[in-house]
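Note sheet for the following structure.
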Amino acid sequence: MGGIARNYVVIGLAVLFFCTLFTSATNVPKVLCYYDGEASLKSDALAGKVTLSDVGPALAYCTHLVYGYVGIDATTYRLKALNEALDLDSGKGQFRVATGLKYRFPGLKVFLSVGAYYDLAAQENSASAKYLTLLESSESRAAFIDSTRKLLKEYGFDGLDLAWQFPQSKPKGNADTVLDSKATEHREQFITLVRDLLTAFDHDKLELGYTQLPHVNETVFLDIPKLNNLHLQYISINAFDQQIPQRNPNEADYLAPLYEPQGRVPGKNIEASVYAWTKQGTAPTKIVVGIPTYGRGWKLVKESGTAGVPPVRADGPSPIKSYSTYAGYYSYGEVCSLLATGTSTNPMHKVHDPRFGPYAFRVADGKEENGIWLTYEDAESATNKARYVKEAGLGGIAVNDLADDDYMGRCSIETFSITLAVGRTLSN
């Protein structure tokens, strides 16, 4: 072989080697770790206080820290801190603390999340109204984009997580209700917003991801084929909370089933949620599966029976208190404490199905008190979902959120056991 030909072979092999390295690096599963900054304001650890300095054991397994939450000014449509005294430099500067974690954890990206279910002022009637109105005007979109770019740059964030507030689909039995009379226009305007954000972000090498909130109907509000053509870093699907006590007070059911339980409304499970995107051409490696780090509880009554197999007749949220302000909502650490309660004659019964997840229940007593049906995520079910993600070639897992994981080690000898289970499974 001549010298020139030999050089071409060497160059070709080198190019192939570096392309392989690049492909492998870009396909590393993501672990998006959401953190609600308000958790740092609780009175103490027993009341749910978790600060950014506490989450180090979990961040060692996270590729992204997604700090939440910011909102939108209903008058100017500019991005705004929901708690300036906590987040801005004029206050406690927690934005700066969050992005500063990149020095402690090299390779960690820190995103800022806008929306979710937090951006609702006392005088606002609908969480989604201003998000829809913003889409309708080029001026309001420009104001949002400009303010977002400036805030991300000022505090050193790597990107933005769009947890956009579209109207939520109705509970079972109200499927015919019109969600949005201008859904077609809003769908196109959302694509315009995403495209313009990406253009504005490109100069500063900022990144953009999208989080689909529970109960947001992608067939109504999202043009998935067009989103596929845009350079979003991820599509995070919050495939949980399809059944919660506030929306389904009379029927307790699984929090985040991996597959579809028999006899349920189609689509309310992880496999179906993923398929809703992939069937329209979304690359599996773009899809991140969101999982919870908490449980939901319903109150059991006499009509609930004693079997506990869901769906179960119930009477609203469970009356057992937690440190949360949401009735029937328990962090994973609180779930583990509840599992240890009960008496020899009326204990908590725990059931685990790898297809649908764990649940536990205690039947109501003769006075119809102390009955609870509890659905939750634990380290075992999170591991099952991480394995599913790996086998399906998906983009990763989103942990929602670190402040509800077992930060005190109540469930095992390790803290943040759900996050650790996800990170270890995806990295092996």
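Residues are referred to by chain and number: the chain letter is A, B, ... according to the order shown in the structure tokens, the number counts from 1 in that chain, and ligands are numbered separately from 1 in the order shown.
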Residues of stretch 184-224 of chain A within 7 Å of stretch 155-161 of chain A: nearest atom pair and distance (Å, one decimal) for each, counting only C-alpha atoms, sorted by chain and number, as a tab-separated table?
residue	atom	partner	partner_atom	distance
A:Leu206	CA	A:Gly159	CA	5.0
A:Glu207	CA	A:Gly159	CA	4.3
A:Leu208	CA	A:Leu160	CA	5.0
A:Gly209	CA	A:Asp161	CA	4.9
A:Tyr210	CA	A:Asp161	CA	5.7
A:Thr211	CA	A:Asp161	CA	6.8
Top pick for closest residue to A:Tyr67, considering A:Lys226, A:Arg96, A:Lys302, A:Lys205 and counting only C-alpha atoms =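 Checking each candidate against A:Tyr67, we get A:Arg96 as the closest.
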When distances are computed from only C-alpha atoms, which of A:Pro311, A:Gly371, A:Gly290, A:Gly115 shows the smallest separation from A:Val265?
-> A:Pro311
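Around A:Val220, within 9 Å and counting only C-alpha atoms, the residues found are Leu179, Asp180, Ala183, Thr184 and Arg187 of chain A, once anything fewer than 5 positions away on its own chain is removed.
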Do a neighbour search on A:Ala382 at 12 Å with only C-alpha atoms, toss out local chain neighbours closer than 6 positions, and write the hits as a ChimeraX atom specification.
-> /A:256-258,289-294,332,354-358,376,388-389,396-400,405,416-426
Go through A:Asp73, A:Glu188, A:Glu251, A:Glu271 one by one, measure the shortest atom-to-atom distance of each to A:Ser147 using only C-alpha atoms, and give the residue with the smallest value.
->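 Of A:Asp73, A:Glu188, A:Glu251, A:Glu271, the one nearest A:Ser147, counting only C-alpha atoms, is A:Asp73.
When the distance limit is 8 Å and only C-alpha atoms are what count, the residues near A:Arg78, minus those fewer than 4 positions from it on the same chain, are Ile72, Asp73, Ser140, Ala143, Phe144, Ile145, Asp146, Ser147 and Thr148 of chain A.
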Which residue gives the smallest distance to A:Gly366 among A:Leu300, A:Val114, A:Ala283, A:Ala272, with only C-alpha atoms counted?
->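 Nearest candidate to A:Gly366 out of A:Leu300, A:Val114, A:Ala283, A:Ala272: A:Leu300.
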Gap from atom CA of A:Ala116 to atom CA of A:Gln165 - Å, one decimal |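 Interatomic distance here is 6.3 Å.
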Quick one, how far is atom CA of A:Leu135 from atom CA of A:Arg247?
->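 Rounded to one decimal, the two atoms are 27.6 Å apart.
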Run DSSP on the backbone and grab whatever in stretch 258-307 of chain A lands in strand (DSSP E or B); send it over as a ChimeraX atom specification.
-> /A:287-292,294-299
Keeping N, CA, C and O atoms for every residue in the selection just given, could you write it to a file as an mmCIF file, in the first residue's frame?
data_model
loop_
_atom_site.group_PDB
_atom_site.id
_atom_site.type_symbol
_atom_site.label_atom_id
_atom_site.label_comp_id
_atom_site.auth_asym_id
_atom_site.auth_seq_id
_atom_site.Cartn_x
_atom_site.Cartn_y
_atom_site.Cartn_z
ATOM 1 N N ILE A 287 -36.379 11.224 24.379
ATOM 2 C CA ILE A 287 -37.450 11.110 25.366
ATOM 3 C C ILE A 287 -36.892 10.762 26.737
ATOM 4 O O ILE A 287 -36.151 9.790 26.902
ATOM 5 N N VAL A 288 -37.273 11.552 27.729
ATOM 6 C CA VAL A 288 -36.916 11.317 29.120
ATOM 7 C C VAL A 288 -38.200 11.013 29.895
ATOM 8 O O VAL A 288 -39.192 11.729 29.768
ATOM 9 N N VAL A 289 -38.182 9.945 30.664
ATOM 10 C CA VAL A 289 -39.363 9.518 31.414
ATOM 11 C C VAL A 289 -39.330 10.115 32.814
ATOM 12 O O VAL A 289 -38.396 9.862 33.590
ATOM 13 N N GLY A 290 -40.328 10.913 33.142
ATOM 14 C CA GLY A 290 -40.414 11.512 34.466
ATOM 15 C C GLY A 290 -41.031 10.556 35.470
ATOM 16 O O GLY A 290 -42.046 9.915 35.192
ATOM 17 N N ILE A 291 -40.415 10.436 36.640
ATOM 18 C CA ILE A 291 -40.955 9.603 37.710
ATOM 19 C C ILE A 291 -41.053 10.441 38.989
ATOM 20 O O ILE A 291 -40.296 11.381 39.189
ATOM 21 N N PRO A 292 -41.998 10.116 39.867
ATOM 22 C CA PRO A 292 -42.163 10.876 41.105
ATOM 23 C C PRO A 292 -41.303 10.308 42.227
ATOM 24 O O PRO A 292 -40.840 9.166 42.158
ATOM 25 N N TYR A 294 -42.621 10.560 45.446
ATOM 26 C CA TYR A 294 -43.614 10.756 46.500
ATOM 27 C C TYR A 294 -44.760 9.776 46.311
ATOM 28 O O TYR A 294 -44.769 8.963 45.368
ATOM 29 N N GLY A 295 -45.723 9.849 47.206
ATOM 30 C CA GLY A 295 -46.894 9.005 47.123
ATOM 31 C C GLY A 295 -48.169 9.821 47.239
ATOM 32 O O GLY A 295 -48.155 10.974 47.684
ATOM 33 N N ARG A 296 -49.277 9.209 46.824
ATOM 34 C CA ARG A 296 -50.601 9.803 46.947
ATOM 35 C C ARG A 296 -51.489 8.868 47.761
ATOM 36 O O ARG A 296 -51.488 7.647 47.551
ATOM 37 N N GLY A 297 -52.262 9.453 48.664
ATOM 38 C CA GLY A 297 -53.104 8.630 49.538
ATOM 39 C C GLY A 297 -54.569 9.000 49.471
ATOM 40 O O GLY A 297 -54.924 10.176 49.365
ATOM 41 N N TRP A 298 -55.431 7.973 49.501
ATOM 42 C CA TRP A 298 -56.881 8.154 49.558
ATOM 43 C C TRP A 298 -57.407 7.608 50.892
ATOM 44 O O TRP A 298 -56.800 6.705 51.496
ATOM 45 N N LYS A 299 -58.531 8.108 51.301
ATOM 46 C CA LYS A 299 -59.198 7.606 52.497
ATOM 47 C C LYS A 299 -60.074 6.412 52.126
ATOM 48 O O LYS A 299 -60.909 6.496 51.222
#
